[in-house]
>>> print(open('final00.txt').read())   # compact mmCIF, N, CA and C atoms
# COMPACT_ATOMS: atom_id res chain seq x y z
N MET A 965 -53.05 -25.54 80.05
CA MET A 965 -51.93 -24.66 79.82
C MET A 965 -51.77 -24.49 78.32
N LYS A 966 -51.46 -23.27 77.88
CA LYS A 966 -51.25 -22.98 76.47
C LYS A 966 -49.79 -23.24 76.12
N VAL A 967 -49.56 -24.11 75.12
CA VAL A 967 -48.21 -24.54 74.74
C VAL A 967 -48.12 -24.69 73.22
N LEU A 968 -46.93 -24.98 72.73
CA LEU A 968 -46.73 -25.30 71.32
C LEU A 968 -46.68 -26.82 71.16
N VAL A 969 -47.38 -27.30 70.13
CA VAL A 969 -47.35 -28.72 69.78
C VAL A 969 -47.03 -28.86 68.30
N ALA A 970 -46.51 -30.01 67.93
CA ALA A 970 -46.18 -30.28 66.54
C ALA A 970 -47.44 -30.40 65.70
N THR A 971 -47.36 -29.90 64.47
CA THR A 971 -48.47 -30.04 63.54
C THR A 971 -47.95 -30.12 62.12
N ALA A 972 -48.70 -30.83 61.29
CA ALA A 972 -48.40 -30.88 59.85
C ALA A 972 -49.18 -29.80 59.10
N ARG A 973 -50.06 -29.10 59.80
CA ARG A 973 -50.88 -28.06 59.16
C ARG A 973 -49.97 -26.99 58.54
N THR A 974 -50.25 -26.60 57.37
CA THR A 974 -49.54 -25.62 56.52
C THR A 974 -48.22 -26.17 55.97
N GLN A 975 -47.93 -27.46 56.21
CA GLN A 975 -46.72 -28.05 55.64
C GLN A 975 -46.76 -27.95 54.12
N GLY A 976 -45.62 -27.60 53.54
CA GLY A 976 -45.51 -27.48 52.09
C GLY A 976 -45.79 -26.09 51.58
N ALA A 977 -46.27 -25.21 52.45
CA ALA A 977 -46.55 -23.84 52.04
C ALA A 977 -45.27 -23.06 51.80
N ARG A 978 -44.18 -23.50 52.40
CA ARG A 978 -42.88 -22.83 52.24
C ARG A 978 -41.85 -23.87 51.82
N ALA A 979 -40.94 -23.44 50.96
CA ALA A 979 -39.84 -24.32 50.58
C ALA A 979 -39.07 -24.71 51.84
N GLY A 980 -38.67 -25.95 51.92
CA GLY A 980 -37.89 -26.41 53.07
C GLY A 980 -38.72 -26.88 54.24
N ASP A 981 -40.05 -26.91 54.12
CA ASP A 981 -40.88 -27.43 55.21
C ASP A 981 -40.61 -28.92 55.41
N TYR A 982 -40.69 -29.35 56.65
CA TYR A 982 -40.64 -30.78 56.96
C TYR A 982 -41.36 -31.03 58.29
N HIS A 983 -41.84 -32.25 58.45
CA HIS A 983 -42.58 -32.62 59.65
C HIS A 983 -42.27 -34.06 60.00
N TRP A 984 -41.35 -34.26 60.94
CA TRP A 984 -40.95 -35.60 61.37
C TRP A 984 -41.36 -35.89 62.80
N CYS A 985 -42.06 -34.96 63.43
CA CYS A 985 -42.54 -35.14 64.80
C CYS A 985 -43.80 -35.99 64.81
N VAL A 986 -44.22 -36.34 66.01
CA VAL A 986 -45.51 -36.99 66.21
C VAL A 986 -46.54 -35.86 66.30
N GLU A 987 -47.59 -35.96 65.50
CA GLU A 987 -48.63 -34.93 65.50
C GLU A 987 -49.15 -34.69 66.92
N GLY A 988 -49.11 -33.44 67.37
CA GLY A 988 -49.64 -33.07 68.68
C GLY A 988 -48.67 -33.17 69.84
N GLU A 989 -47.45 -33.66 69.60
CA GLU A 989 -46.51 -33.75 70.72
C GLU A 989 -45.99 -32.36 71.09
N LEU A 990 -45.64 -32.19 72.36
CA LEU A 990 -45.06 -30.94 72.83
C LEU A 990 -43.76 -30.69 72.08
N VAL A 991 -43.52 -29.41 71.75
CA VAL A 991 -42.27 -29.04 71.08
C VAL A 991 -41.61 -27.90 71.83
N ARG A 992 -40.33 -27.75 71.58
CA ARG A 992 -39.53 -26.66 72.13
C ARG A 992 -38.73 -26.05 70.99
N ILE A 993 -38.05 -24.98 71.28
CA ILE A 993 -37.16 -24.36 70.30
C ILE A 993 -35.77 -24.92 70.58
N GLY A 994 -35.29 -25.72 69.66
CA GLY A 994 -34.01 -26.40 69.87
C GLY A 994 -32.81 -25.53 69.59
N GLU A 995 -31.66 -26.09 69.86
CA GLU A 995 -30.40 -25.42 69.62
C GLU A 995 -30.17 -25.29 68.12
N ILE A 996 -29.32 -24.34 67.74
CA ILE A 996 -29.04 -24.07 66.33
C ILE A 996 -27.56 -24.33 66.06
N CYS A 997 -27.31 -25.14 65.04
CA CYS A 997 -25.92 -25.45 64.67
C CYS A 997 -25.29 -24.25 63.95
N ALA A 998 -23.97 -24.27 63.83
CA ALA A 998 -23.24 -23.17 63.19
C ALA A 998 -23.65 -22.99 61.74
N LEU A 999 -23.91 -24.08 61.04
CA LEU A 999 -24.31 -24.00 59.63
C LEU A 999 -25.62 -23.23 59.48
N ASP A 1000 -26.60 -23.52 60.33
CA ASP A 1000 -27.89 -22.83 60.24
C ASP A 1000 -27.84 -21.42 60.80
N ARG A 1001 -26.94 -21.14 61.74
CA ARG A 1001 -26.80 -19.76 62.21
C ARG A 1001 -26.37 -18.87 61.05
N ALA A 1002 -25.57 -19.41 60.15
CA ALA A 1002 -25.12 -18.66 58.98
C ALA A 1002 -26.19 -18.58 57.90
N ASP A 1003 -27.01 -19.63 57.77
CA ASP A 1003 -28.03 -19.68 56.72
C ASP A 1003 -29.19 -20.58 57.17
N PRO A 1004 -30.17 -20.01 57.90
CA PRO A 1004 -31.28 -20.83 58.41
C PRO A 1004 -32.16 -21.40 57.30
N GLY A 1005 -32.08 -20.87 56.11
CA GLY A 1005 -32.87 -21.40 55.00
C GLY A 1005 -32.25 -22.62 54.37
N GLY A 1006 -31.01 -22.88 54.66
CA GLY A 1006 -30.31 -24.04 54.10
C GLY A 1006 -29.81 -24.91 55.23
N GLY A 1007 -28.61 -25.39 55.08
CA GLY A 1007 -28.00 -26.16 56.14
C GLY A 1007 -28.82 -27.37 56.53
N CYS A 1008 -28.85 -27.66 57.83
CA CYS A 1008 -29.54 -28.86 58.29
C CYS A 1008 -31.03 -28.61 58.58
N GLY A 1009 -31.44 -27.38 58.74
CA GLY A 1009 -32.84 -27.07 59.00
C GLY A 1009 -33.16 -26.80 60.45
N CYS A 1010 -32.19 -26.93 61.36
CA CYS A 1010 -32.49 -26.73 62.78
C CYS A 1010 -32.81 -25.27 63.10
N GLY A 1011 -32.38 -24.34 62.27
CA GLY A 1011 -32.64 -22.93 62.51
C GLY A 1011 -34.06 -22.51 62.19
N ARG A 1012 -34.84 -23.41 61.62
CA ARG A 1012 -36.24 -23.11 61.31
C ARG A 1012 -37.18 -24.17 61.89
N ALA A 1013 -36.69 -24.93 62.86
CA ALA A 1013 -37.47 -26.08 63.36
C ALA A 1013 -37.85 -25.95 64.82
N PHE A 1014 -38.87 -26.72 65.17
CA PHE A 1014 -39.27 -26.96 66.54
C PHE A 1014 -38.90 -28.41 66.84
N ALA A 1015 -38.43 -28.67 68.05
CA ALA A 1015 -37.96 -30.01 68.43
C ALA A 1015 -39.00 -30.72 69.28
N GLY A 1016 -39.37 -31.93 68.89
CA GLY A 1016 -40.35 -32.73 69.64
C GLY A 1016 -39.77 -33.23 70.94
N LEU A 1017 -40.52 -33.04 72.04
CA LEU A 1017 -40.02 -33.48 73.35
C LEU A 1017 -40.00 -34.98 73.50
N ASN A 1018 -40.88 -35.69 72.81
CA ASN A 1018 -40.95 -37.13 72.96
C ASN A 1018 -40.21 -37.86 71.84
N SER A 1019 -40.47 -37.50 70.62
CA SER A 1019 -39.87 -38.20 69.47
C SER A 1019 -38.42 -37.80 69.24
N HIS A 1020 -38.05 -36.61 69.73
CA HIS A 1020 -36.73 -36.03 69.49
C HIS A 1020 -36.50 -35.81 67.99
N ARG A 1021 -37.58 -35.62 67.27
CA ARG A 1021 -37.55 -35.30 65.84
C ARG A 1021 -37.93 -33.83 65.70
N ALA A 1022 -38.06 -33.34 64.47
CA ALA A 1022 -38.30 -31.91 64.26
C ALA A 1022 -39.41 -31.65 63.25
N THR A 1023 -39.94 -30.43 63.33
CA THR A 1023 -40.95 -29.96 62.39
C THR A 1023 -40.78 -28.46 62.20
N THR A 1024 -41.16 -27.97 61.04
CA THR A 1024 -41.09 -26.52 60.79
C THR A 1024 -42.39 -25.81 61.13
N THR A 1025 -43.38 -26.56 61.61
CA THR A 1025 -44.66 -25.95 61.98
C THR A 1025 -45.09 -26.40 63.37
N ALA A 1026 -45.60 -25.46 64.13
CA ALA A 1026 -46.13 -25.76 65.46
C ALA A 1026 -47.48 -25.05 65.61
N ARG A 1027 -48.31 -25.61 66.47
CA ARG A 1027 -49.65 -25.07 66.71
C ARG A 1027 -49.78 -24.71 68.18
N VAL A 1028 -50.39 -23.56 68.45
CA VAL A 1028 -50.70 -23.18 69.82
C VAL A 1028 -51.90 -24.02 70.27
N ALA A 1029 -51.71 -24.72 71.38
CA ALA A 1029 -52.77 -25.63 71.87
C ALA A 1029 -52.96 -25.44 73.37
N GLU A 1030 -54.16 -25.67 73.81
CA GLU A 1030 -54.48 -25.71 75.24
C GLU A 1030 -54.46 -27.18 75.64
N VAL A 1031 -53.54 -27.56 76.53
CA VAL A 1031 -53.42 -28.96 76.93
C VAL A 1031 -53.63 -29.08 78.44
N PRO A 1032 -54.17 -30.21 78.88
CA PRO A 1032 -54.41 -30.41 80.32
C PRO A 1032 -53.10 -30.79 81.02
N LEU A 1033 -52.28 -29.79 81.23
CA LEU A 1033 -50.94 -30.00 81.78
C LEU A 1033 -50.67 -28.90 82.79
N SER A 1034 -50.17 -29.27 83.95
CA SER A 1034 -49.81 -28.26 84.94
C SER A 1034 -48.44 -27.69 84.58
N TYR A 1035 -48.15 -26.52 85.11
CA TYR A 1035 -46.84 -25.92 84.85
C TYR A 1035 -45.70 -26.83 85.33
N PRO A 1036 -45.75 -27.39 86.54
CA PRO A 1036 -44.67 -28.28 86.98
C PRO A 1036 -44.50 -29.50 86.05
N ASP A 1037 -45.61 -30.02 85.53
CA ASP A 1037 -45.51 -31.15 84.59
C ASP A 1037 -44.87 -30.72 83.27
N TYR A 1038 -45.16 -29.49 82.83
CA TYR A 1038 -44.55 -28.95 81.62
C TYR A 1038 -43.05 -28.82 81.79
N VAL A 1039 -42.63 -28.29 82.92
CA VAL A 1039 -41.20 -28.16 83.22
C VAL A 1039 -40.55 -29.55 83.22
N GLU A 1040 -41.21 -30.51 83.83
CA GLU A 1040 -40.67 -31.88 83.89
C GLU A 1040 -40.58 -32.50 82.50
N ALA A 1041 -41.54 -32.23 81.63
CA ALA A 1041 -41.50 -32.75 80.25
C ALA A 1041 -40.28 -32.21 79.52
N ILE A 1042 -40.00 -30.93 79.69
CA ILE A 1042 -38.82 -30.32 79.06
C ILE A 1042 -37.55 -30.90 79.66
N ARG A 1043 -37.49 -30.96 80.99
CA ARG A 1043 -36.29 -31.46 81.68
C ARG A 1043 -35.98 -32.90 81.28
N SER A 1044 -37.00 -33.75 81.28
CA SER A 1044 -36.76 -35.16 80.98
C SER A 1044 -36.40 -35.36 79.50
N SER A 1045 -36.98 -34.54 78.61
CA SER A 1045 -36.61 -34.63 77.20
C SER A 1045 -35.14 -34.29 77.00
N LEU A 1046 -34.71 -33.22 77.64
CA LEU A 1046 -33.31 -32.82 77.52
C LEU A 1046 -32.39 -33.89 78.10
N GLN A 1047 -32.77 -34.47 79.23
CA GLN A 1047 -31.97 -35.53 79.84
C GLN A 1047 -31.89 -36.75 78.93
N GLN A 1048 -33.02 -37.13 78.31
CA GLN A 1048 -33.02 -38.27 77.39
C GLN A 1048 -32.10 -38.04 76.20
N GLN A 1049 -31.91 -36.78 75.84
CA GLN A 1049 -31.05 -36.45 74.70
C GLN A 1049 -29.59 -36.28 75.11
N GLY A 1050 -29.30 -36.46 76.39
CA GLY A 1050 -27.91 -36.43 76.83
C GLY A 1050 -27.42 -35.12 77.38
N TYR A 1051 -28.32 -34.13 77.56
CA TYR A 1051 -27.91 -32.87 78.15
C TYR A 1051 -27.71 -33.04 79.65
N GLU A 1052 -26.81 -32.26 80.20
CA GLU A 1052 -26.57 -32.28 81.64
C GLU A 1052 -27.84 -31.85 82.37
N PRO A 1053 -28.18 -32.51 83.47
CA PRO A 1053 -29.38 -32.12 84.23
C PRO A 1053 -29.29 -30.65 84.67
N CYS A 1054 -30.38 -29.93 84.45
CA CYS A 1054 -30.43 -28.52 84.82
C CYS A 1054 -31.88 -28.15 85.06
N ASP A 1055 -32.34 -28.29 86.30
CA ASP A 1055 -33.73 -27.99 86.62
C ASP A 1055 -34.07 -26.53 86.34
N ASP A 1056 -33.16 -25.60 86.66
CA ASP A 1056 -33.41 -24.19 86.41
C ASP A 1056 -33.54 -23.91 84.91
N CYS A 1057 -32.76 -24.62 84.09
CA CYS A 1057 -32.83 -24.42 82.63
C CYS A 1057 -34.21 -24.81 82.11
N ALA A 1058 -34.73 -25.92 82.55
CA ALA A 1058 -36.05 -26.39 82.11
C ALA A 1058 -37.13 -25.40 82.55
N ASP A 1059 -37.01 -24.89 83.76
CA ASP A 1059 -37.98 -23.93 84.27
C ASP A 1059 -37.94 -22.63 83.46
N GLU A 1060 -36.74 -22.15 83.16
CA GLU A 1060 -36.59 -20.94 82.35
C GLU A 1060 -37.15 -21.15 80.95
N GLU A 1061 -36.88 -22.30 80.38
CA GLU A 1061 -37.38 -22.58 79.04
C GLU A 1061 -38.90 -22.67 79.03
N ALA A 1062 -39.48 -23.30 80.02
CA ALA A 1062 -40.95 -23.37 80.12
C ALA A 1062 -41.54 -21.97 80.22
N ASP A 1063 -40.93 -21.11 81.02
CA ASP A 1063 -41.39 -19.72 81.13
C ASP A 1063 -41.33 -19.01 79.78
N GLU A 1064 -40.21 -19.14 79.09
CA GLU A 1064 -40.02 -18.47 77.80
C GLU A 1064 -41.03 -18.97 76.77
N LEU A 1065 -41.24 -20.27 76.71
CA LEU A 1065 -42.19 -20.83 75.74
C LEU A 1065 -43.62 -20.38 76.06
N ALA A 1066 -43.99 -20.39 77.33
CA ALA A 1066 -45.33 -19.96 77.72
C ALA A 1066 -45.54 -18.48 77.39
N GLU A 1067 -44.52 -17.68 77.59
CA GLU A 1067 -44.62 -16.26 77.27
C GLU A 1067 -44.74 -16.03 75.76
N LEU A 1068 -44.04 -16.82 74.97
CA LEU A 1068 -44.10 -16.68 73.51
C LEU A 1068 -45.52 -16.88 72.97
N VAL A 1069 -46.26 -17.82 73.53
CA VAL A 1069 -47.58 -18.16 73.00
C VAL A 1069 -48.72 -17.46 73.73
N ALA A 1070 -48.43 -16.72 74.78
CA ALA A 1070 -49.47 -16.13 75.63
C ALA A 1070 -50.48 -15.28 74.86
N ASP A 1071 -50.03 -14.53 73.88
CA ASP A 1071 -50.92 -13.60 73.18
C ASP A 1071 -51.53 -14.18 71.91
N TRP A 1072 -51.15 -15.39 71.53
CA TRP A 1072 -51.71 -15.99 70.32
C TRP A 1072 -52.92 -16.86 70.69
N PRO A 1073 -53.97 -16.81 69.87
CA PRO A 1073 -55.12 -17.67 70.17
C PRO A 1073 -54.80 -19.14 69.91
N VAL A 1074 -55.48 -20.01 70.64
CA VAL A 1074 -55.36 -21.44 70.43
C VAL A 1074 -55.70 -21.73 68.96
N GLY A 1075 -54.90 -22.58 68.33
CA GLY A 1075 -55.11 -22.93 66.93
C GLY A 1075 -54.18 -22.18 65.98
N THR A 1076 -53.47 -21.16 66.48
CA THR A 1076 -52.53 -20.42 65.65
C THR A 1076 -51.39 -21.34 65.23
N ILE A 1077 -51.04 -21.30 63.95
CA ILE A 1077 -49.91 -22.08 63.42
C ILE A 1077 -48.74 -21.12 63.28
N VAL A 1078 -47.59 -21.54 63.81
CA VAL A 1078 -46.41 -20.68 63.76
C VAL A 1078 -45.25 -21.38 63.08
N GLY A 1079 -44.36 -20.55 62.56
CA GLY A 1079 -43.10 -21.01 61.99
C GLY A 1079 -41.97 -20.35 62.76
N ARG A 1080 -40.77 -20.70 62.40
CA ARG A 1080 -39.60 -20.21 63.12
C ARG A 1080 -38.47 -19.92 62.15
N ARG A 1081 -37.71 -18.89 62.43
CA ARG A 1081 -36.46 -18.59 61.75
C ARG A 1081 -35.51 -18.05 62.82
N LEU A 1082 -34.55 -18.90 63.22
CA LEU A 1082 -33.63 -18.61 64.32
C LEU A 1082 -34.43 -18.30 65.58
N ALA A 1083 -34.27 -17.12 66.18
CA ALA A 1083 -34.97 -16.80 67.43
C ALA A 1083 -36.35 -16.20 67.20
N GLU A 1084 -36.73 -15.95 65.96
CA GLU A 1084 -38.00 -15.31 65.65
C GLU A 1084 -39.08 -16.34 65.33
N LEU A 1085 -40.23 -16.19 65.96
CA LEU A 1085 -41.42 -16.98 65.62
C LEU A 1085 -42.38 -16.06 64.91
N TRP A 1086 -43.08 -16.58 63.93
CA TRP A 1086 -44.03 -15.78 63.16
C TRP A 1086 -45.27 -16.61 62.87
N VAL A 1087 -46.37 -15.92 62.70
CA VAL A 1087 -47.66 -16.57 62.46
C VAL A 1087 -47.75 -17.00 61.01
N ARG A 1088 -48.01 -18.28 60.79
CA ARG A 1088 -48.26 -18.82 59.46
C ARG A 1088 -49.75 -18.83 59.14
N GLU A 1089 -50.57 -19.06 60.18
CA GLU A 1089 -52.01 -19.13 59.98
C GLU A 1089 -52.71 -18.86 61.30
N LEU A 1090 -53.70 -18.00 61.26
CA LEU A 1090 -54.55 -17.77 62.42
C LEU A 1090 -55.76 -18.69 62.36
N PRO A 1091 -56.29 -19.08 63.51
CA PRO A 1091 -57.47 -19.93 63.51
C PRO A 1091 -58.66 -19.18 62.92
N THR A 1092 -59.52 -19.90 62.24
CA THR A 1092 -60.73 -19.28 61.72
C THR A 1092 -61.83 -19.43 62.74
N ALA A 1093 -62.68 -18.43 62.82
CA ALA A 1093 -63.80 -18.48 63.75
C ALA A 1093 -64.83 -19.46 63.27
N GLU A 1094 -65.34 -20.25 64.18
CA GLU A 1094 -66.42 -21.19 63.85
C GLU A 1094 -67.71 -20.40 63.64
N PRO A 1095 -68.47 -20.74 62.61
CA PRO A 1095 -69.75 -20.04 62.43
C PRO A 1095 -70.69 -20.33 63.60
N SER A 1096 -71.36 -19.30 64.06
CA SER A 1096 -72.30 -19.52 65.16
C SER A 1096 -73.64 -20.00 64.58
N GLY A 1097 -74.28 -20.86 65.28
CA GLY A 1097 -75.48 -21.45 64.72
C GLY A 1097 -76.62 -21.29 65.58
>>> encode(input="final00.txt", output="structure tokens")
Amino acid sequence: MKVLVATARTQGARAGDYHWCVEGELVRIGEICALDRADPGGGCGCGRAFAGLNSHRATTTARVAEVPLSYPDYVEAIRSSLQQQGYEPCDDCADEEADELAELVADWPVGTIVGRRLAELWVRELPTAEPSG
């Protein structure tokens, strides 16, 4: 399944970059605090971050990856991460979020590095083609 994972690749290319996730862990688009809704370039940084499902930490860079994960397992990873963070159980919410995340990355090739600003995701780096030999 094609998903977003945490990466340190391209870190430091933009002011305000940070990477506190575990490299390669699944990420989601987290909630945005009022401070960052007003100024995603300042504040706490949540308006430009991806949230790690396992570490519950954040990064400003994510990579499109193909992982050996079924869709139901992806939904469960999101659901259990939210539950671990104290959110009310909501199976439909996790399913909707998995759908939205899968749709966001559907047209990007594996290896694409993306950034975020509020609800917008943008390409930071496209994968380079391997030379054929």
>>> select_by_dssp(input="final00.txt", residues="chain A", states="alpha helix (DSSP H)", output="ChimeraX atom specification")
/A:998-1002,1035-1048,1055-1069
>>> closest_residue(input="final00.txt", among="A:Cys985, A:Ile993, A:Val1039, A:Ala1066", to="A:His1020", atoms="all atoms listed in the file")
A:Cys985
>>> closest_residue(input="final00.txt", among="A:Glu1040, A:Ala1022, A:Val1074, A:Ala998", to="A:Trp984", atoms="only C-alpha atoms")
A:Ala1022
>>> atom_distance(input="final00.txt", atom1="atom N of A:Leu1082", atom2="atom CA of A:Gly1005")
8.8 Å
>>> atom_distance(input="final00.txt", atom1="atom N of A:Asp1055", atom2="atom C of A:Pro1036")
12.2 Å
>>> residues_near_point(input="final00.txt", point="(-41.3, -36.0, 73.9)", cutoff="7 Å", atoms="only N, CA and C atoms", output="list in words")
Glu989, Leu990, Gly1016, Leu1017, Asn1018, Ser1019, His1020, Ala1041 and Ser1045 of chain A
>>> select_by_dssp(input="final00.txt", residues="chain A", states="strand (DSSP E)", output="ChimeraX atom specification")
/A:966-970,991-992,1014-1016,1022-1023,1026-1030,1077-1081,1084-1089
>>> atom_distance(input="final00.txt", atom1="atom C of A:Pro1073", atom2="atom N of A:Gln1049")
29.5 Å
>>> closest_residue(input="final00.txt", among="A:Asp1003, A:Arg992, A:Cys1008, A:Ala1013", to="A:Ile1042", atoms="all atoms listed in the file")
A:Arg992
>>> closest_residue(input="final00.txt", among="A:Asp981, A:Glu1052, A:Glu1084, A:Asp1071", to="A:Thr1025", atoms="only C-alpha atoms")
A:Asp981
>>> closest_residue(input="final00.txt", among="A:Lys966, A:Cys1057, A:Arg1001, A:Leu1090", to="A:Ala1070", atoms="all atoms listed in the file")
A:Lys966
